[in-house]
$ cat input.csv   # CSV, C-alpha atoms and all ligand atoms
chain,number,residue,atom,x,y,z
A,28,MET,CA,46.8,-9.4,-30.8
A,29,ASN,CA,47.3,-7.3,-27.7
A,30,GLU,CA,46.0,-4.0,-29.2
A,31,LYS,CA,43.0,-2.9,-27.2
A,32,SER,CA,40.1,-1.1,-28.8
A,33,ASP,CA,38.5,2.4,-28.2
A,34,LEU,CA,35.1,1.3,-29.3
A,35,VAL,CA,33.3,-2.1,-29.6
A,36,ILE,CA,29.9,-2.7,-31.0
A,37,LYS,CA,28.7,-6.1,-29.7
A,38,ASN,CA,26.1,-8.6,-30.5
A,39,ALA,CA,24.5,-7.1,-33.6
A,40,ALA,CA,21.3,-8.9,-34.8
A,41,GLU,CA,23.0,-8.8,-38.2
A,42,LEU,CA,26.4,-7.3,-38.9
A,43,LEU,CA,26.5,-6.5,-42.6
A,44,THR,CA,30.2,-6.5,-43.4
A,45,CYS,CA,29.7,-5.8,-47.1
A,46,ARG,CA,33.1,-7.3,-47.7
A,47,ASP,CA,33.9,-7.8,-51.4
A,48,ASP,CA,35.1,-11.3,-50.7
A,49,ALA,CA,31.9,-12.4,-48.8
A,50,ARG,CA,29.9,-15.3,-50.2
A,51,ASP,CA,26.7,-13.3,-50.3
A,52,LEU,CA,26.3,-9.7,-51.5
A,53,ILE,CA,26.6,-8.1,-48.1
A,54,GLY,CA,28.5,-10.5,-45.9
A,55,VAL,CA,26.0,-11.0,-43.1
A,56,ILE,CA,27.2,-12.2,-39.7
A,57,ARG,CA,24.5,-12.9,-37.2
A,58,GLY,CA,25.5,-11.9,-33.7
A,59,GLY,CA,28.5,-10.0,-35.1
A,60,TRP,CA,30.9,-7.9,-33.2
A,61,VAL,CA,33.2,-5.0,-34.4
A,62,ALA,CA,36.2,-3.4,-32.7
A,63,VAL,CA,37.6,0.1,-33.6
A,64,ARG,CA,40.8,1.8,-32.7
A,65,GLY,CA,42.2,5.1,-33.8
A,66,GLY,CA,39.4,5.6,-36.3
A,67,LYS,CA,40.0,2.3,-38.0
A,68,ILE,CA,38.3,-1.1,-37.8
A,69,ILE,CA,40.7,-3.6,-36.2
A,70,ALA,CA,38.4,-6.6,-36.0
A,71,ALA,CA,35.0,-7.7,-37.2
A,72,GLY,CA,33.5,-11.1,-36.7
A,73,ASP,CA,32.2,-13.2,-33.9
A,74,LYS,CA,32.4,-12.6,-30.1
A,75,GLY,CA,35.5,-14.8,-29.8
A,76,GLU,CA,37.5,-12.5,-32.2
A,77,VAL,CA,36.5,-9.2,-30.7
A,78,GLU,CA,35.8,-9.6,-26.9
A,79,PRO,CA,39.6,-10.0,-26.0
A,80,LEU,CA,40.1,-6.5,-27.5
A,81,ILE,CA,38.0,-4.9,-24.8
A,82,SER,CA,39.8,-3.1,-22.0
A,83,GLY,CA,38.5,-0.9,-19.1
A,84,GLU,CA,38.9,2.1,-21.4
A,85,THR,CA,36.8,0.7,-24.3
A,86,GLU,CA,33.3,2.2,-25.0
A,87,VAL,CA,31.0,-0.8,-25.6
A,88,ILE,CA,27.7,-0.4,-27.5
A,89,ASP,CA,25.3,-3.2,-27.3
A,90,ALA,CA,23.6,-3.6,-30.7
A,91,ALA,CA,21.3,-6.4,-29.6
A,92,GLY,CA,18.3,-6.7,-31.9
A,93,ARG,CA,19.7,-4.2,-34.4
A,94,VAL,CA,21.4,-4.2,-37.7
A,95,VAL,CA,25.0,-2.8,-38.0
A,96,SER,CA,26.2,-1.7,-41.5
A,97,PRO,CA,28.9,0.3,-43.1
A,98,GLY,CA,28.2,4.0,-43.6
A,99,PHE,CA,26.7,4.9,-47.0
A,100,VAL,CA,28.9,6.1,-49.9
A,101,ASP,CA,26.7,8.5,-51.9
A,102,CYS,CA,28.8,8.4,-55.1
A,103,HIS,CA,26.8,10.9,-57.3
A,104,THR,CA,25.5,14.2,-56.1
A,105,HIS,CA,25.2,17.8,-57.2
A,106,VAL,CA,24.6,19.0,-53.7
A,107,VAL,CA,26.4,22.4,-54.0
A,108,PHE,CA,23.8,24.8,-55.5
A,109,GLY,CA,21.8,27.9,-54.7
A,110,GLY,CA,18.1,28.3,-55.4
A,111,THR,CA,15.4,25.9,-56.3
A,112,ARG,CA,13.5,24.3,-59.2
A,113,VAL,CA,10.2,23.8,-57.3
A,114,GLU,CA,8.2,25.7,-60.0
A,115,GLU,CA,9.5,23.4,-62.7
A,116,TYR,CA,8.9,20.3,-60.5
A,117,PHE,CA,5.2,21.1,-60.2
A,118,ALA,CA,4.8,22.3,-63.8
A,119,LYS,CA,5.9,18.8,-64.8
A,120,ILE,CA,3.8,17.0,-62.3
A,121,GLU,CA,0.7,19.1,-63.5
A,122,ARG,CA,1.8,18.4,-67.1
A,123,LEU,CA,1.7,22.0,-68.1
A,124,SER,CA,2.3,22.6,-71.8
A,125,GLU,CA,5.6,24.2,-73.0
A,126,ASP,CA,3.5,27.3,-73.9
A,127,GLU,CA,2.0,27.5,-70.5
A,128,ILE,CA,5.4,27.0,-68.8
A,129,GLN,CA,6.7,29.9,-70.9
A,130,ARG,CA,3.6,32.1,-70.3
A,131,ARG,CA,4.1,31.7,-66.5
A,132,GLY,CA,7.8,32.5,-66.9
A,133,ILE,CA,8.9,29.2,-65.3
A,134,ARG,CA,12.5,28.4,-65.9
A,135,THR,CA,13.6,24.9,-66.5
A,136,GLY,CA,16.8,22.8,-66.7
A,137,ILE,CA,20.1,23.1,-65.0
A,138,LEU,CA,20.6,26.8,-66.0
A,139,THR,CA,17.7,27.7,-63.6
A,140,THR,CA,19.9,27.5,-60.6
A,141,LEU,CA,22.9,29.0,-62.4
A,142,THR,CA,22.1,32.6,-61.4
A,143,PRO,CA,21.6,32.0,-57.6
A,144,THR,CA,24.6,29.8,-57.5
A,145,ARG,CA,26.7,32.5,-59.1
A,146,GLU,CA,25.3,35.2,-56.9
A,147,HIS,CA,25.8,33.5,-53.5
A,148,THR,CA,28.9,34.3,-51.6
A,149,LEU,CA,31.1,31.4,-50.7
A,150,GLU,CA,29.8,31.3,-47.1
A,151,ALA,CA,26.1,31.5,-48.2
A,152,LEU,CA,26.6,28.7,-50.7
A,153,TYR,CA,28.4,26.7,-48.0
A,154,GLU,CA,25.5,27.2,-45.5
A,155,GLU,CA,22.8,26.2,-47.9
A,156,THR,CA,24.8,23.1,-48.9
A,157,ALA,CA,25.8,22.2,-45.4
A,158,GLU,CA,22.1,22.0,-44.3
A,159,ARG,CA,21.6,19.3,-47.0
A,160,VAL,CA,24.8,17.5,-46.1
A,161,ARG,CA,23.9,17.5,-42.4
A,162,ASP,CA,20.7,15.8,-43.4
A,163,MET,CA,22.7,13.3,-45.4
A,164,ILE,CA,24.9,12.5,-42.4
A,165,ILE,CA,21.8,12.0,-40.2
A,166,SER,CA,20.6,9.6,-42.9
A,167,GLY,CA,23.8,7.6,-42.7
A,168,THR,CA,26.0,9.0,-45.4
A,169,THR,CA,29.6,9.0,-44.3
A,170,THR,CA,31.2,9.7,-47.7
A,171,VAL,CA,29.6,11.9,-50.4
A,172,GLU,CA,30.7,12.7,-53.9
A,173,SER,CA,30.0,16.3,-54.9
A,174,LYS,CA,30.2,17.8,-58.4
A,175,SER,CA,30.5,21.4,-59.6
A,176,GLY,CA,28.6,22.3,-62.7
A,177,TYR,CA,26.1,25.0,-61.6
A,178,GLY,CA,28.3,27.9,-62.4
A,179,LEU,CA,29.9,27.1,-65.7
A,180,ASP,CA,32.3,30.1,-65.3
A,181,ARG,CA,35.7,30.1,-63.7
A,182,GLU,CA,34.7,31.9,-60.5
A,183,THR,CA,31.6,29.9,-59.6
A,184,GLU,CA,33.0,26.5,-60.5
A,185,LEU,CA,36.0,27.1,-58.2
A,186,LYS,CA,33.6,28.4,-55.5
A,187,GLN,CA,31.6,25.2,-55.7
A,188,LEU,CA,34.8,23.1,-55.4
A,189,GLU,CA,35.9,25.3,-52.5
A,190,VAL,CA,32.6,24.5,-50.8
A,191,ASN,CA,33.4,20.8,-51.2
A,192,ARG,CA,36.7,21.4,-49.4
A,193,LEU,CA,34.9,23.3,-46.6
A,194,LEU,CA,32.3,20.6,-46.2
A,195,GLU,CA,35.0,18.0,-45.5
A,196,LYS,CA,36.9,20.3,-43.2
A,197,ARG,CA,33.9,21.4,-41.1
A,198,LEU,CA,31.5,18.4,-41.1
A,199,PRO,CA,32.1,14.7,-40.1
A,200,VAL,CA,31.9,13.5,-43.7
A,201,SER,CA,34.4,12.6,-46.4
A,202,VAL,CA,33.9,14.4,-49.7
A,203,ALA,CA,35.0,13.3,-53.1
A,204,SER,CA,35.2,16.3,-55.3
A,205,THR,CA,34.4,16.3,-59.0
A,206,TYR,CA,34.8,19.0,-61.7
A,207,LEU,CA,31.8,19.0,-64.0
A,208,GLY,CA,32.4,22.0,-66.2
A,209,ALA,CA,30.7,20.0,-69.0
A,210,HIS,CA,27.3,20.0,-67.3
A,211,GLY,CA,25.9,22.5,-69.8
A,212,VAL,CA,26.9,25.4,-72.1
A,213,PRO,CA,26.5,28.9,-70.8
A,214,HIS,CA,24.1,31.2,-72.7
A,215,ASN,CA,26.7,33.8,-73.7
A,216,THR,CA,29.0,31.6,-75.7
A,217,THR,CA,29.1,28.7,-78.3
A,218,LYS,CA,29.8,25.1,-77.4
A,219,GLU,CA,33.1,25.2,-79.4
A,220,ARG,CA,34.3,28.3,-77.5
A,221,TYR,CA,33.2,26.8,-74.2
A,222,MET,CA,34.9,23.4,-75.0
A,223,ASP,CA,38.1,25.3,-75.8
A,224,PHE,CA,37.8,27.1,-72.4
A,225,LEU,CA,37.3,23.8,-70.6
A,226,VAL,CA,40.0,21.8,-72.2
A,227,ASN,CA,42.7,24.5,-72.4
A,228,GLU,CA,42.0,26.6,-69.4
A,229,MET,CA,39.7,25.3,-66.7
A,230,ILE,CA,40.6,21.6,-66.6
A,231,PRO,CA,44.4,22.2,-66.4
A,232,PHE,CA,43.8,24.8,-63.8
A,233,VAL,CA,41.4,22.7,-61.7
A,234,GLY,CA,43.9,19.8,-61.9
A,235,LYS,CA,46.7,21.9,-60.6
A,236,SER,CA,44.6,23.4,-57.8
A,237,GLY,CA,44.0,20.0,-56.3
A,238,LEU,CA,40.3,20.9,-55.7
A,239,ALA,CA,38.9,17.9,-57.7
A,240,GLU,CA,39.9,14.3,-58.0
A,241,PHE,CA,37.4,13.4,-60.8
A,242,CYS,CA,36.5,15.1,-64.1
A,243,ASP,CA,32.9,14.5,-65.4
A,244,ALA,CA,30.8,15.3,-68.4
A,245,TRP,CA,27.2,14.9,-69.6
A,246,CYS,CA,26.9,12.7,-72.7
A,247,ASP,CA,23.4,12.8,-74.1
A,248,GLU,CA,21.5,14.2,-77.0
A,249,GLY,CA,21.4,18.0,-76.7
A,250,HIS,CA,24.4,18.0,-74.4
A,251,TYR,CA,27.8,16.7,-75.2
A,252,THR,CA,28.6,14.1,-77.9
A,253,ALA,CA,30.6,11.0,-77.1
A,254,GLU,CA,33.6,12.4,-79.0
A,255,GLU,CA,33.4,15.7,-77.2
A,256,CYS,CA,33.2,13.9,-73.9
A,257,ARG,CA,36.3,11.9,-74.9
A,258,VAL,CA,38.2,15.2,-75.5
A,259,ILE,CA,37.1,16.6,-72.1
A,260,LEU,CA,37.8,13.5,-70.1
A,261,GLU,CA,41.2,13.0,-71.8
A,262,ALA,CA,42.1,16.6,-70.8
A,263,GLY,CA,41.0,15.7,-67.3
A,264,LEU,CA,43.2,12.6,-67.3
A,265,ASN,CA,46.2,14.8,-68.4
A,266,ALA,CA,45.4,17.1,-65.5
A,267,GLY,CA,45.4,14.2,-63.0
A,268,MET,CA,41.7,13.8,-62.7
A,269,ARG,CA,40.0,10.3,-63.1
A,270,PRO,CA,37.1,10.2,-65.5
A,271,LYS,CA,33.4,9.8,-64.7
A,272,LEU,CA,30.6,10.1,-67.2
A,273,HIS,CA,26.9,10.9,-67.2
A,274,GLU,CA,25.6,8.8,-70.1
A,275,GLY,CA,22.5,7.1,-71.3
A,276,GLY,CA,20.1,9.1,-69.1
A,277,TYR,CA,17.8,10.4,-71.8
A,278,SER,CA,19.3,8.9,-75.0
A,279,TYR,CA,22.1,6.6,-75.9
A,280,ILE,CA,24.8,8.2,-78.1
A,281,GLY,CA,27.9,6.0,-77.4
A,282,GLY,CA,29.0,7.4,-74.0
A,283,ALA,CA,29.7,3.9,-72.6
A,284,LEU,CA,32.3,3.2,-75.2
A,285,VAL,CA,34.2,6.3,-74.1
A,286,ALA,CA,33.8,5.5,-70.4
A,287,ALA,CA,35.1,2.0,-71.1
A,288,ASP,CA,38.0,3.1,-73.3
A,289,LEU,CA,39.2,5.6,-70.7
A,290,ARG,CA,38.6,3.2,-67.8
A,291,ALA,CA,36.3,5.7,-66.1
A,292,ALA,CA,35.6,5.2,-62.4
A,293,SER,CA,31.9,5.1,-63.2
A,294,ALA,CA,29.2,5.5,-65.9
A,295,ASP,CA,26.1,7.0,-64.4
A,296,HIS,CA,22.3,6.9,-65.3
A,297,LEU,CA,22.3,4.1,-67.9
A,298,ASN,CA,18.5,4.3,-68.7
A,299,TYR,CA,19.0,3.9,-72.5
A,300,ASN,CA,22.1,1.8,-72.7
A,301,PRO,CA,22.0,-1.2,-75.0
A,302,ARG,CA,23.1,-4.5,-73.6
A,303,ASN,CA,26.4,-4.6,-75.5
A,304,SER,CA,27.4,-1.3,-74.0
A,305,LEU,CA,26.8,-2.6,-70.5
A,306,ARG,CA,29.1,-5.6,-71.3
A,307,LYS,CA,31.8,-3.2,-72.4
A,308,LEU,CA,31.5,-1.2,-69.2
A,309,ALA,CA,31.7,-4.4,-67.1
A,310,GLU,CA,34.7,-5.7,-69.1
A,311,ALA,CA,36.5,-2.4,-68.5
A,312,GLY,CA,35.8,-2.5,-64.7
A,313,VAL,CA,33.7,0.6,-64.8
A,314,VAL,CA,31.1,0.8,-62.0
A,315,GLY,CA,27.5,1.4,-63.2
A,316,VAL,CA,25.6,4.0,-61.3
A,317,PRO,CA,21.9,4.0,-62.0
A,318,LEU,CA,20.0,6.7,-60.2
A,319,PRO,CA,16.6,5.7,-58.7
A,320,GLY,CA,16.0,9.2,-57.2
A,321,ILE,CA,16.2,11.1,-60.5
A,322,ASP,CA,14.0,8.5,-62.3
A,323,PHE,CA,11.4,9.1,-59.5
A,324,ALA,CA,11.7,12.9,-59.4
A,325,VAL,CA,11.3,13.4,-63.1
A,326,GLY,CA,8.8,10.6,-63.6
A,327,HIS,CA,11.3,9.1,-66.1
A,328,ASP,CA,9.7,7.5,-69.2
A,329,ARG,CA,12.2,4.8,-69.1
A,330,PRO,CA,13.3,3.9,-65.5
A,331,PHE,CA,16.6,2.0,-65.5
A,332,ASP,CA,16.4,-1.8,-65.5
A,333,PRO,CA,19.1,-3.4,-63.3
A,334,ALA,CA,18.5,-6.9,-64.7
A,335,PRO,CA,20.6,-6.7,-67.9
A,336,MET,CA,23.3,-4.8,-66.0
A,337,ILE,CA,23.6,-7.6,-63.4
A,338,GLU,CA,23.5,-10.2,-66.1
A,339,GLU,CA,26.3,-8.5,-68.0
A,340,GLY,CA,28.4,-8.5,-64.8
A,341,LEU,CA,28.4,-4.8,-64.1
A,342,GLU,CA,29.1,-3.8,-60.5
A,343,LEU,CA,26.1,-1.5,-59.6
A,344,ALA,CA,26.3,1.4,-57.2
A,345,ILE,CA,23.3,3.7,-56.4
A,346,ALA,CA,23.3,7.3,-55.2
A,347,THR,CA,20.9,10.1,-54.3
A,348,ASN,CA,21.9,12.4,-57.3
A,349,CYS,CA,20.9,15.2,-54.8
A,350,CYS,CA,20.4,18.2,-57.1
A,351,PRO,CA,17.8,20.9,-57.7
A,352,GLY,CA,15.9,18.4,-60.0
A,353,CYS,CA,16.0,15.7,-57.3
A,354,TRP,CA,16.0,17.1,-53.8
A,355,CYS,CA,16.9,13.9,-52.0
A,356,THR,CA,19.4,13.6,-49.2
A,357,SER,CA,18.5,10.1,-48.0
A,358,MET,CA,20.3,6.9,-49.1
A,359,PRO,CA,17.7,4.8,-47.2
A,360,PHE,CA,15.0,6.3,-49.5
A,361,ILE,CA,17.2,5.5,-52.5
A,362,ILE,CA,17.4,1.9,-51.4
A,363,ILE,CA,13.6,1.8,-51.0
A,364,LEU,CA,13.2,3.1,-54.6
A,365,ALA,CA,15.9,0.7,-56.0
A,366,CYS,CA,14.0,-2.3,-54.6
A,367,ARG,CA,10.4,-1.3,-55.0
A,368,ARG,CA,10.5,0.5,-58.3
A,369,HIS,CA,13.5,-1.2,-60.0
A,370,GLY,CA,13.3,-4.7,-58.7
A,371,MET,CA,16.7,-4.9,-56.9
A,372,SER,CA,17.0,-7.3,-54.0
A,373,SER,CA,17.6,-5.6,-50.6
A,374,GLU,CA,21.1,-7.2,-50.6
A,375,ARG,CA,21.9,-5.8,-54.0
A,376,ALA,CA,20.7,-2.3,-53.1
A,377,ILE,CA,22.7,-2.3,-49.8
A,378,ARG,CA,25.8,-3.4,-51.5
A,379,ALA,CA,25.2,-0.7,-54.2
A,380,ALA,CA,25.0,1.9,-51.4
A,381,THR,CA,28.2,0.8,-49.6
A,382,ILE,CA,31.1,-1.1,-51.1
A,383,ALA,CA,30.0,-0.6,-54.8
A,384,GLY,CA,29.7,3.2,-54.1
A,385,ALA,CA,33.2,3.1,-52.7
A,386,LYS,CA,34.4,1.4,-55.9
A,387,ALA,CA,32.7,4.2,-58.0
A,388,LEU,CA,35.0,6.6,-56.1
A,389,CYS,CA,38.1,4.4,-56.3
A,390,ARG,CA,38.1,4.3,-52.5
A,391,GLU,CA,37.2,0.6,-51.9
A,392,LYS,CA,40.5,0.0,-50.1
A,393,LYS,CA,39.5,2.5,-47.4
A,394,ILE,CA,35.7,2.6,-47.1
A,395,GLY,CA,32.5,0.8,-48.0
A,396,SER,CA,32.8,-2.3,-45.8
A,397,ILE,CA,33.4,-3.4,-42.2
A,398,GLU,CA,36.7,-5.2,-42.1
A,399,PRO,CA,40.1,-4.7,-40.5
A,400,GLY,CA,42.0,-1.8,-41.9
A,401,LYS,CA,39.0,0.1,-43.2
A,402,ASN,CA,37.9,3.5,-41.8
A,403,ALA,CA,35.4,3.0,-39.0
A,404,ASP,CA,32.4,4.5,-40.8
A,405,ILE,CA,29.5,2.5,-39.2
A,406,LEU,CA,25.8,2.7,-38.8
A,407,ILE,CA,23.6,1.1,-36.1
A,408,TRP,CA,20.0,0.7,-37.2
A,409,ASN,CA,16.7,0.7,-35.3
A,410,LEU,CA,15.9,-2.4,-37.4
A,411,GLY,CA,16.3,-6.1,-36.7
A,412,ARG,CA,17.0,-7.4,-40.2
A,413,HIS,CA,18.6,-5.9,-43.3
A,414,GLU,CA,15.4,-6.4,-45.5
A,415,ASP,CA,13.7,-3.9,-43.2
A,416,ILE,CA,16.0,-1.1,-44.6
A,417,ALA,CA,14.0,-1.3,-47.8
A,418,TYR,CA,10.7,-2.3,-46.2
A,419,HIS,CA,10.1,0.1,-43.3
A,420,TYR,CA,9.5,3.5,-44.8
A,421,MET,CA,10.6,5.3,-41.6
A,422,THR,CA,11.6,9.0,-41.2
A,423,ASN,CA,15.0,7.9,-40.1
A,424,PRO,CA,15.7,4.3,-39.1
A,425,ILE,CA,19.3,5.0,-38.2
A,426,GLU,CA,20.0,5.3,-34.5
A,427,THR,CA,23.8,5.9,-34.5
A,428,VAL,CA,26.3,7.2,-37.1
A,429,ILE,CA,30.0,6.6,-36.5
A,430,LYS,CA,32.5,8.5,-38.7
A,431,ASP,CA,36.2,7.6,-38.4
A,432,GLY,CA,35.5,5.9,-35.1
A,433,ARG,CA,33.7,8.9,-33.6
A,434,ILE,CA,30.0,8.9,-32.8
A,435,VAL,CA,28.5,11.8,-34.7
A,436,VAL,CA,24.8,11.1,-34.6
A,437,VAL,CA,22.9,9.4,-31.7
A,438,ASN,CA,19.3,8.6,-31.2
A,439,SER,CA,18.6,9.3,-34.8
A,440,ARG,CA,18.4,13.1,-34.7
A,441,GLU,CA,20.2,14.1,-31.5
A,442,THR,CA,23.3,15.0,-33.4
A,443,LEU,CA,26.7,16.0,-32.4
A,444,ILE,CA,27.4,17.7,-35.8
B,501,ZN,ZN,24.4,14.0,-62.2
$ encode --input "input.csv" --output "structure tokens" --more "lines below"
Ligand SMILES: [Zn+2]
Amino acid sequence: MNEKSDLVIKNAAELLTCRDDARDLIGVIRGGWVAVRGGKIIAAGDKGEVEPLISGETEVIDAAGRVVSPGFVDCHTHVVFGGTRVEEYFAKIERLSEDEIQRRGIRTGILTTLTPTREHTLEALYEETAERVRDMIISGTTTVESKSGYGLDRETELKQLEVNRLLEKRLPVSVASTYLGAHGVPHNTTKERYMDFLVNEMIPFVGKSGLAEFCDAWCDEGHYTAEECRVILEAGLNAGMRPKLHEGGYSYIGGALVAADLRAASADHLNYNPRNSLRKLAEAGVVGVPLPGIDFAVGHDRPFDPAPMIEEGLELAIATNCCPGCWCTSMPFIIILACRRHGMSSERAIRAATIAGAKALCREKKIGSIEPGKNADILIWNLGRHEDIAYHYMTNPIETVIKDGRIVVVNSRETLI
């Protein structure tokens, strides 16, 4: 090979390739080297493979004593919203009764942030969201999925999806955009009428607009039934959007069977899923996305258990689920929770945050691992071994963030974004 590189990272204490074909879960190479050219990885391995690709023009970063990993793929967020649910958060922590919550006039649930999200201008909504997304980038996220679903009317849902487009245009991050009209039902209509609006108007319109690549719904008691979700997701498929599904978060009502039948990209939450439903998801190649952040934020009475999911062969991704009910922008914090609270190994959690997250977004051919041909989305850590990612509760353990071959964060917070 006589192609020289733009950038080389040499001598990592541990290079976590996270290749799908690695023998372990994260493809560790001790003393690993990586070469980048034109925003893509052109080589990853030992010194002998990479050193010949260095020329006088190559920027060389010495990663001695440090871990090098793929950028994080945060595959489930509701990061575009206005307002806050801080009053509800503390009402629940203090275990206020329903009567007391009502007496104090505290609003709860996803409709709380509907009004501010509707009232924000596009730019105001962008600015509030961009602040959170910059924090995600500093915390190592190089691809983020972002759902609509806090407007539930045509104008606001399209505004949320437009913010997704602007985030990708203006910030060094890739954005996978998801239409989640079936996140709730607006107060001023019936579910039947709203379903009709979704299936016959909004979903075909969003599909044509090209503003979303996935269509999502919330399958749970008190939300949408499995059959309603099937109708919504089939309309999404007809409009060119791949299905995703929130299911099993607070009850199990058969959502996994719909996700499996429709070959959804992912089924997310999974707190209440029976074992046979996990097997169905695994057999259909659906990625399971349990969400440690929301289980923590709501003090979930049934935190997800990864053990039966792993036993049934489900590929597991994890994500921040950044939303007004779980104000989390940090994938390292999610890894810490996944390990400490849910019993995942550090390797399982790192895989879930990288290559498995890429699979949950159908982008595993482009991102999620460090191997030739992939986008050069790479993190350099102020840590010497991968277990420390889940063991050191640091403010920000990531020294350098590289997006598409370009250094966008240096010295943890001295950002170029
Ligand atoms: Zn969600």
$ residues_around --input "input.csv" --residues "segment 99-101 of chain A" --least-positions-apart "6" --cutoff "7 Å" --atoms "all atoms listed in the file" --output "short mmCIF file (atom, residue, chain, number, x, y, z; two decimals) with C-alpha atoms, in the frame of the given file"
data_model
loop_
_atom_site.label_atom_id
_atom_site.label_comp_id
_atom_site.auth_asym_id
_atom_site.auth_seq_id
_atom_site.Cartn_x
_atom_site.Cartn_y
_atom_site.Cartn_z
CA GLY A 167 23.80 7.60 -42.70
CA THR A 168 26.00 9.00 -45.40
CA THR A 169 29.60 9.00 -44.30
CA THR A 170 31.20 9.70 -47.70
CA VAL A 171 29.60 11.90 -50.40
CA GLU A 172 30.70 12.70 -53.90
CA ALA A 346 23.30 7.30 -55.20
CA THR A 347 20.90 10.10 -54.30
CA ALA A 380 25.00 1.90 -51.40
CA THR A 381 28.20 0.80 -49.60
CA GLY A 384 29.70 3.20 -54.10
CA ALA A 385 33.20 3.10 -52.70
CA GLY A 395 32.50 0.80 -48.00
#
$ closest_residue --input "input.csv" --among "A:Gly136, A:Gly83, A:Pro231, A:Gly370" --to "Glu115 of chain A" --atoms "only C-alpha atoms"
A:Gly136
$ closest_atom_pairs --input "input.csv" --of "chain A" --to "ligand ZN 501 (chain B)" --cutoff "7 Å" --atoms "only C-alpha atoms and all ligand atoms" --output "CSV"
residue,atom,partner,partner_atom,distance
A:His103,CA,B:ZN501,ZN,6.3
A:Thr104,CA,B:ZN501,ZN,6.2
A:His105,CA,B:ZN501,ZN,6.3
A:His273,CA,B:ZN501,ZN,6.4
A:Asn348,CA,B:ZN501,ZN,5.7
$ residues_around --input "input.csv" --residues "Leu198 of chain A" --least-positions-apart "6" --cutoff "12 Å" --atoms "all atoms listed in the file" --output "PDB file with C-alpha atoms, keeping the file's coordinate frame"
ATOM      1  CA  TYR A 153      28.400  26.700 -48.000  1.00  0.00           C
ATOM      2  CA  GLU A 154      25.500  27.200 -45.500  1.00  0.00           C
ATOM      3  CA  THR A 156      24.800  23.100 -48.900  1.00  0.00           C
ATOM      4  CA  ALA A 157      25.800  22.200 -45.400  1.00  0.00           C
ATOM      5  CA  GLU A 158      22.100  22.000 -44.300  1.00  0.00           C
ATOM      6  CA  ARG A 159      21.600  19.300 -47.000  1.00  0.00           C
ATOM      7  CA  VAL A 160      24.800  17.500 -46.100  1.00  0.00           C
ATOM      8  CA  ARG A 161      23.900  17.500 -42.400  1.00  0.00           C
ATOM      9  CA  ASP A 162      20.700  15.800 -43.400  1.00  0.00           C
ATOM     10  CA  MET A 163      22.700  13.300 -45.400  1.00  0.00           C
ATOM     11  CA  ILE A 164      24.900  12.500 -42.400  1.00  0.00           C
ATOM     12  CA  ILE A 165      21.800  12.000 -40.200  1.00  0.00           C
ATOM     13  CA  THR A 168      26.000   9.000 -45.400  1.00  0.00           C
ATOM     14  CA  THR A 169      29.600   9.000 -44.300  1.00  0.00           C
ATOM     15  CA  THR A 170      31.200   9.700 -47.700  1.00  0.00           C
ATOM     16  CA  VAL A 171      29.600  11.900 -50.400  1.00  0.00           C
ATOM     17  CA  VAL A 190      32.600  24.500 -50.800  1.00  0.00           C
ATOM     18  CA  ASN A 191      33.400  20.800 -51.200  1.00  0.00           C
ATOM     19  CA  ARG A 192      36.700  21.400 -49.400  1.00  0.00           C
ATOM     20  CA  LYS A 430      32.500   8.500 -38.700  1.00  0.00           C
ATOM     21  CA  VAL A 435      28.500  11.800 -34.700  1.00  0.00           C
ATOM     22  CA  VAL A 436      24.800  11.100 -34.600  1.00  0.00           C
ATOM     23  CA  THR A 442      23.300  15.000 -33.400  1.00  0.00           C
ATOM     24  CA  LEU A 443      26.700  16.000 -32.400  1.00  0.00           C
ATOM     25  CA  ILE A 444      27.400  17.700 -35.800  1.00  0.00           C
TER      26      ILE A 444
END
$ residues_around --input "input.csv" --residues "segment 220-229 of chain A" --least-positions-apart "4" --cutoff "12 Å" --atoms "all atoms listed in the file" --output "number ranges by chain"
A: 176, 179-185, 206-216, 233-236, 238-239, 242-244, 250-252, 254-266
$ closest_residue --input "input.csv" --among "A:Tyr177, A:Glu155, A:Pro319, A:Val63" --to "Thr142 of chain A" --atoms "only C-alpha atoms"
A:Tyr177
$ closest_residue --input "input.csv" --among "A:Pro301, A:Gly312, A:Gly59, A:Gly237" --to "Pro335 of chain A" --atoms "all atoms listed in the file"
A:Pro301
$ axis_aligned_box --input "input.csv" --around "segment 92-100 of chain A" --padding-each-side "4 Å" --output "AutoDock Vina command-line options"
--center_x 23.6 --center_y -0.3 --center_z -40.9 --size_x 18.6 --size_y 20.8 --size_z 26.0
